[in-house]
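S.K.: Before we start, here is the structure in question, set down as structure tokens.
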Amino acid sequence: MNSNLTNTRDPVQLWTGSLAFLFPFLSLVTLFGVSLGSFLFLATALISFKPCRDALVHHWPQVRWVVLAFLLYFLFVLGCALVRGAKMNTVEKPARMFFAVTALAVILAARPPRRMLWWGVIGGALAALPFVAWQRLALGIERPGGLINAITFGDLALLLALLSVTAAIDMRSNPRQAALAAVGALAGLGASLLTGSRGGWLALLVAAPLFLRHTRGIRARGVRALLAVGAVVLLAVWFTPATGMQARFDEGVSDVRAWFDGGFVGTRVGTRLELWKGAAMLVAEHPLLGMDFQAARVRLAEFAHEGRLDPVVLTLPHLHNDGLQELVKGGVVGFALWVAILAAPLLFFARALRAGTGTPQAALALAGILVVASYVCFGLTEVIFWSMKGSLFYALMVFVLMGFCLNAKDKIG
């Protein structure tokens with residue numbers, strides 16, 4: 001008997017498609033959307049355990065390295081917590097990121113239409129814009145961030161914009177749907193710009209050549225027009241003094257010079273540079289396995305008391321760089337395992353993109369590459385994995401896109 005959920009219960013396919021829609025749609029306009037999606041995918045996988053297990057086993061050779069990367073990262077953090085006697089809440093994020101593999105199993109088993117994911121991404125981007133626009137324009141909040149902090153909101157809104165472009169690529173045969181995806185992309189971009197976040201801009205430099213390269217040779221004039229409109233919007237925002245974007249960039253350059261010239265840390269960028277200096281000092285003391293982050297904060301306070309660091313670093317909750325954060329917490333070993341949860345999905349999607357050129361699989365694979373690449377860019381000046389929302393969004397989106405990629409490949413085959 002075929003264990004595929006699609007052949008046994010069509011309502012399950014509809015339910016799973018609804019989950020693929022809801023988690024990106026609710027990601028920025030609620031506090032619970034991403035966590036709720038994670039829980040419902042887990043519950044669905046447990047209720048439909050056999051077909052989900054069979055689907056995962058069938059595709060194990062393709063997904064094993066990604067699943068194992070998330071498992072090993074979770075086990076390492078768990079082991080460190082047990083050995084150090086740290087609070088077990090430090091294990092919650094890597095544990096929930098690993099259990100997001102249930103989303104992959106459910107998507108593989110139920111085979112919902114990929115359009116449900118695209119509409120969730122587009123809807124999430126469209127919903128994000130009025131949310132922060134009201135805060136910025138009506139309430140006068142300089143750095144609006146919806147219900148979360150401005151940096152995380154701006155980063156995820158930008159990612160939803162990029163994913164909306166991949167939706168437009170996939171929907172190019174239907175001009176109306178592609179046009180709506182284009183509107184979603186511009187809305188997500190606008191929402192990100194309104195937060196005033198600068199750290200995510202690097203993701204645009206990575207995404208633009210990827211889009212241009214992978215729309216070459218296919219009928220995607222509308223997508224290229226969308227990229228041109230997006231570039232015009234960015235230029236307009238850059239050269240409009242009222243937006244403050246150019247001023248923030250100039251401020252960042254000035255902050256870097258001030259820190260290198262005299263160690264001045266009384267700026268946003270200067271504080272980050274001082275934090276990174278402290279992180280390097282911590283890594284030098286515990287290079288292999290790192291140290292508990294609460295103990296690391298105590299050590300930073302000692303550095304400040306000794307005059308080796310400015311005390312301003314003690315006012316921030318983390319190190320404002322994902323790589324340094326992982327090096328401090330887990331040393332070289334923990335850092336390597338964290339890199340694996342980025343590298344393994346990136347390799348999976350890169351292979352899928354090469355194998356599926358000109359097919360629906362290509363758009364899904366390109367979306368996966370953008371998720372990983374964007375998180376790498378975000379993590380250069382922020383700890384995007386600090387929050388549960390940022391961590392779960394990454395894991396869920398990676399596993400959901402993997403599921404849709406493999407389903408698209410099976411359909412082609």
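Chain labels follow the order of the structure tokens: the first chain is A, the next B, and so on; residue numbering restarts at 1 in every chain, and ligands are counted from 1 in their shown order.
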At a cut-off of 7 Å, using only C-alpha atoms, what residues contact segment 29-38 of chain A? Leave out same-chain residues fewer than 5 positions from it and give the result as a PDB file with N, CA and C atoms, in the first residue's frame.

M.R.:
```pdb
ATOM      1  N   LEU A  19      -0.233  24.931   6.404  1.00  0.00           N
ATOM      2  CA  LEU A  19       0.909  25.172   7.286  1.00  0.00           C
ATOM      3  C   LEU A  19       2.039  25.860   6.534  1.00  0.00           C
ATOM      4  N   PHE A  23       3.078  29.795   8.138  1.00  0.00           N
ATOM      5  CA  PHE A  23       4.258  30.152   8.923  1.00  0.00           C
ATOM      6  C   PHE A  23       4.999  31.370   8.355  1.00  0.00           C
ATOM      7  N   ALA A 100      12.549  20.686  13.507  1.00  0.00           N
ATOM      8  CA  ALA A 100      11.905  21.254  12.310  1.00  0.00           C
ATOM      9  C   ALA A 100      12.027  20.324  11.116  1.00  0.00           C
ATOM     10  N   ALA A 127       2.004  42.027   4.325  1.00  0.00           N
ATOM     11  CA  ALA A 127       1.508  42.385   5.655  1.00  0.00           C
ATOM     12  C   ALA A 127       2.541  43.161   6.454  1.00  0.00           C
ATOM     13  N   ALA A 128       3.822  42.918   6.191  1.00  0.00           N
ATOM     14  CA  ALA A 128       4.878  43.570   6.970  1.00  0.00           C
ATOM     15  C   ALA A 128       4.940  45.070   6.710  1.00  0.00           C
ATOM     16  N   LEU A 147       6.577  43.850  16.245  1.00  0.00           N
ATOM     17  CA  LEU A 147       6.516  43.279  17.588  1.00  0.00           C
ATOM     18  C   LEU A 147       7.871  42.769  18.070  1.00  0.00           C
ATOM     19  N   LYS A 389      12.596  33.266  17.040  1.00  0.00           N
ATOM     20  CA  LYS A 389      11.956  33.526  15.754  1.00  0.00           C
ATOM     21  C   LYS A 389      12.957  33.422  14.608  1.00  0.00           C
ATOM     22  N   LEU A 392      14.160  29.612  14.291  1.00  0.00           N
ATOM     23  CA  LEU A 392      13.142  28.700  13.765  1.00  0.00           C
ATOM     24  C   LEU A 392      12.759  29.038  12.337  1.00  0.00           C
ATOM     25  N   PHE A 393      12.726  30.328  12.002  1.00  0.00           N
ATOM     26  CA  PHE A 393      12.400  30.717  10.630  1.00  0.00           C
ATOM     27  C   PHE A 393      13.412  30.094   9.671  1.00  0.00           C
TER      28      PHE A 393
END
```

S.K.: Taking the chain letters and numbering used in this document, name the residues of segment 187-220 of chain A that DSSP puts in helix (DSSP H, G or I), as number ranges by chain.

M.R.: A: 187-195, 201-215

S.K.: To one decimal in Å, tell me the separation between atom CA of Thr90 of chain A and atom CA of Ser387 of chain A.

M.R.: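 Atom CA of Ser387 of chain A lies at a distance of 11.4 Å from atom CA of Thr90 of chain A.
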
S.K.: Would you mind reading off the distance between atom CA of Ala81 of chain A and atom CA of Leu314 of chain A, one decimal, in Å?

M.R.: 23.0 Å

S.K.: Pick from A:Leu72, A:Ala125, A:Val57, A:Val66: nearest to Ala395 of chain A, with only C-alpha atoms counted?

M.R.: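 Checking each of A:Leu72, A:Ala125, A:Val57, A:Val66 against Ala395 of chain A, counting only C-alpha atoms, the winner is A:Val66.
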
S.K.: Any idea what's packed within 9 Å of Lys409 of chain A, counting only C-alpha atoms, ignoring anything in its chain fewer than 3 positions away? Could you give it as a ChimeraX atom specification?

M.R.: /A:352,355-356,359-361,404-406,412-413

S.K.: Closest to Val283 of chain A among A:Val67, A:Ala295, A:Lys329, A:Leu401, using only C-alpha atoms?

M.R.: A:Lys329
